[in-house]
Amino acid sequence: MSNVLGSTDSSSGRPMTLFADIVSVVDFSKSSLTLSLLSIAFNPTAWNIVARNGGTAFASNYFHFLTTSKEYRNKTITRLFGGNNRAGVYFLALMIFSFGILRDTLYQRALEDQPRKALLPEPFATLVPAVLFIVGQTFVITSTWALGVTGTFLGDYFGILMDNRVEGFPFNVLRDPMYVGSTMCFCAGALWYERPVGLFISIYVYFVYVIALRYEGPFTDMIYAKREEERAQGSKKQK
């Protein structure tokens with residue numbers, strides 16, 4: 001077999017599927033891999049639950065989170081900061097950012113503990129991950145800049161809503177540029193360090209984000225729809 005992942009298996013003469021080739025190299029016995037996968041699933045799941053419940057324990061409310069969209073009214077975090085919802089958002093932003101660093105650290109450790117194998121031939125082995133990382137970081141950074149701190153870190157769950165929908169770059173290119181950019185960076189790390197497990201984790205990241213968006217997107221839409229409904233009712237009363 002060639003040294004590059006995904007090439008034809010000369011012993012059988014049949015092309016191996018990329019995913020099967022990746023999985024065959026992954027050492028699933030490593031605890032670092034398990035910790036990395038858990039940390040990736042934790043971030044979007046836990047923070048959406050915390051924001052919806054205003055800081056209540058997410059474990060006991062997990063299934064309730066999947067079936068209701070009204071828990072964000074509890075405002076527990078806001079109450080912890082004396083009713084200052086903006087301070088509550090900044091606190092949640094600090095927690096999300098900190099756990100994001102932990103997630104990335106665990107991902108790096110998972111890569112280091114796994115077998116190394118060439119994934120792309122030169123010069124693509126250097127160029128492709130570099131481009132992926134630059135583009136991915138561009139999506140993440142420009143998304144954060146366009147949304148601001150409160151827009152990025154679930155401020156709408158705290159009642160801090162944006163006046164208008166952000167339609168400039170990168171939201172005029174992708175609906176969810178931050179999640180896409182993050183996934184691209186995971187993939188870039190896998191290719192740069194030549195670790196097949198990184199591609200496996202990147203696929204996992206993609207599906208975790210897809211599942212999170214199935215709940216996050218409609219819930220956010222509901223918050224803004226409710227705001228518009230309240231505005232319409234207020235206009236009728238003034239008339």
# chains A, B, ... in the order shown; residues from 1 in each chain; ligands from 1
$ closest_atom_pairs --of "range 65-165 of chain A" --to "range 35-39 of chain A" --cutoff "10 Å" --atoms "only C-alpha atoms" --output "JSON lines"
{"residue": "A:Phe99", "atom": "CA", "partner": "A:Ser39", "partner_atom": "CA", "distance": 8.2}
{"residue": "A:Gly100", "atom": "CA", "partner": "A:Ser39", "partner_atom": "CA", "distance": 8.6}
{"residue": "A:Leu102", "atom": "CA", "partner": "A:Ser39", "partner_atom": "CA", "distance": 7.9}
{"residue": "A:Arg103", "atom": "CA", "partner": "A:Ser39", "partner_atom": "CA", "distance": 5.4}
{"residue": "A:Asp104", "atom": "CA", "partner": "A:Ser36", "partner_atom": "CA", "distance": 8.2}
{"residue": "A:Thr105", "atom": "CA", "partner": "A:Ser36", "partner_atom": "CA", "distance": 8.5}
{"residue": "A:Leu106", "atom": "CA", "partner": "A:Ser36", "partner_atom": "CA", "distance": 5.1}
{"residue": "A:Tyr107", "atom": "CA", "partner": "A:Ser36", "partner_atom": "CA", "distance": 5.2}
{"residue": "A:Gln108", "atom": "CA", "partner": "A:Ser36", "partner_atom": "CA", "distance": 8.7}
{"residue": "A:Arg109", "atom": "CA", "partner": "A:Ser36", "partner_atom": "CA", "distance": 8.2}
{"residue": "A:Ala110", "atom": "CA", "partner": "A:Ser36", "partner_atom": "CA", "distance": 6.5}
{"residue": "A:Leu111", "atom": "CA", "partner": "A:Ser36", "partner_atom": "CA", "distance": 9.6}
$ residues_around --residues "Asp176 in chain A" --least-positions-apart "4" --cutoff "9 Å" --atoms "only C-alpha atoms" --output "list in words"
Ser143, Pro170, Phe171, Val180, Gly181 and Leu213 of chain A
$ write_last_selection --atoms "N, CA and C atoms" --output "compact mmCIF listing (two decimals), in the first residue's frame"
# COMPACT_ATOMS: atom_id res chain seq x y z
N SER A 143 -16.96 36.20 12.11
CA SER A 143 -18.28 35.95 12.70
C SER A 143 -18.38 36.63 14.06
N PRO A 170 -19.20 37.01 7.31
CA PRO A 170 -19.28 35.83 6.45
C PRO A 170 -20.68 35.22 6.34
N PHE A 171 -21.68 35.91 6.89
CA PHE A 171 -23.03 35.36 6.90
C PHE A 171 -23.71 35.43 5.54
N VAL A 180 -18.78 26.10 10.81
CA VAL A 180 -18.05 25.61 9.64
C VAL A 180 -16.56 25.90 9.78
N GLY A 181 -16.23 27.12 10.22
CA GLY A 181 -14.84 27.50 10.40
C GLY A 181 -14.15 26.65 11.44
N LEU A 213 -27.22 22.49 15.90
CA LEU A 213 -27.93 23.51 15.12
C LEU A 213 -29.40 23.17 14.91
$ residues_around --residues "range 136-139 of chain A" --least-positions-apart "6" --cutoff "6 Å" --atoms "only C-alpha atoms" --output "list in words"
Pro177, Met178, Gly181, Met184 and Cys185 of chain A
$ write_last_selection --atoms "C-alpha atoms" --output "PDB file, in the first residue's frame"
ATOM      1  CA  PRO A 177     -19.776  30.280   9.489  1.00  0.00           C
ATOM      2  CA  MET A 178     -18.511  29.869  13.037  1.00  0.00           C
ATOM      3  CA  GLY A 181     -14.841  27.497  10.403  1.00  0.00           C
ATOM      4  CA  MET A 184     -12.245  23.369   9.063  1.00  0.00           C
ATOM      5  CA  CYS A 185      -9.663  24.118  11.767  1.00  0.00           C
TER       6      CYS A 185
END
$ closest_residue --among "A:Ala190, A:Leu154, A:Ile40, A:Ala130" --to "Glu216 in chain A" --atoms "only C-alpha atoms"
A:Leu154
$ select_by_dssp --residues "range 97-159 of chain A" --states "helix (DSSP H, G or I)" --output "VMD selection string"
chain A and resid 97 to 112 124 to 152 155 to 158
$ closest_residue --among "A:Tyr90, A:Thr45, A:Lys226, A:Pro115" --to "Ile211 in chain A" --atoms "only C-alpha atoms"
A:Thr45
$ select_by_dssp --residues "range 3-214 of chain A" --states "strand (DSSP E or B)" --output "number ranges by chain"
A: 8-9, 14-15
$ write_last_selection --atoms "all heavy atoms" --output "PDB file, in the first residue's frame"
ATOM      1  N   THR A   8      -4.827   2.990  -3.305  1.00  0.00           N
ATOM      2  CA  THR A   8      -5.306   1.647  -3.611  1.00  0.00           C
ATOM      3  C   THR A   8      -4.506   0.587  -2.879  1.00  0.00           C
ATOM      4  O   THR A   8      -3.287   0.654  -2.770  1.00  0.00           O
ATOM      5  CB  THR A   8      -5.194   1.373  -5.115  1.00  0.00           C
ATOM      6  OG1 THR A   8      -5.953   2.370  -5.805  1.00  0.00           O
ATOM      7  CG2 THR A   8      -5.702   0.010  -5.456  1.00  0.00           C
ATOM      8  N   ASP A   9      -5.180  -0.393  -2.317  1.00  0.00           N
ATOM      9  CA  ASP A   9      -4.545  -1.513  -1.637  1.00  0.00           C
ATOM     10  C   ASP A   9      -4.044  -2.482  -2.704  1.00  0.00           C
ATOM     11  O   ASP A   9      -4.820  -3.168  -3.364  1.00  0.00           O
ATOM     12  CB  ASP A   9      -5.573  -2.179  -0.726  1.00  0.00           C
ATOM     13  CG  ASP A   9      -4.929  -3.236   0.157  1.00  0.00           C
ATOM     14  OD1 ASP A   9      -3.839  -3.732  -0.216  1.00  0.00           O
ATOM     15  OD2 ASP A   9      -5.505  -3.562   1.202  1.00  0.00           O
ATOM     16  N   ARG A  14      -8.274  -3.420  -4.845  1.00  0.00           N
ATOM     17  CA  ARG A  14      -9.509  -2.650  -4.712  1.00  0.00           C
ATOM     18  C   ARG A  14      -9.255  -1.381  -3.922  1.00  0.00           C
ATOM     19  O   ARG A  14      -8.521  -1.396  -2.935  1.00  0.00           O
ATOM     20  CB  ARG A  14     -10.572  -3.495  -4.000  1.00  0.00           C
ATOM     21  CG  ARG A  14     -11.032  -4.702  -4.805  1.00  0.00           C
ATOM     22  CD  ARG A  14     -12.019  -5.529  -4.020  1.00  0.00           C
ATOM     23  NE  ARG A  14     -11.428  -6.046  -2.785  1.00  0.00           N
ATOM     24  CZ  ARG A  14     -12.089  -6.771  -1.895  1.00  0.00           C
ATOM     25  NH1 ARG A  14     -13.370  -7.035  -2.089  1.00  0.00           N
ATOM     26  NH2 ARG A  14     -11.489  -7.219  -0.828  1.00  0.00           N
ATOM     27  N   PRO A  15      -9.875  -0.270  -4.335  1.00  0.00           N
ATOM     28  CA  PRO A  15      -9.695   0.980  -3.584  1.00  0.00           C
ATOM     29  C   PRO A  15     -10.395   0.894  -2.234  1.00  0.00           C
ATOM     30  O   PRO A  15     -11.513   0.392  -2.131  1.00  0.00           O
ATOM     31  CB  PRO A  15     -10.352   2.023  -4.484  1.00  0.00           C
ATOM     32  CG  PRO A  15     -11.339   1.253  -5.282  1.00  0.00           C
ATOM     33  CD  PRO A  15     -10.732  -0.102  -5.500  1.00  0.00           C
TER      34      PRO A  15
END
$ atom_distance --atom1 "CA of Leu92 in chain A" --atom2 "CA of Phe207 in chain A"
23.9 Å
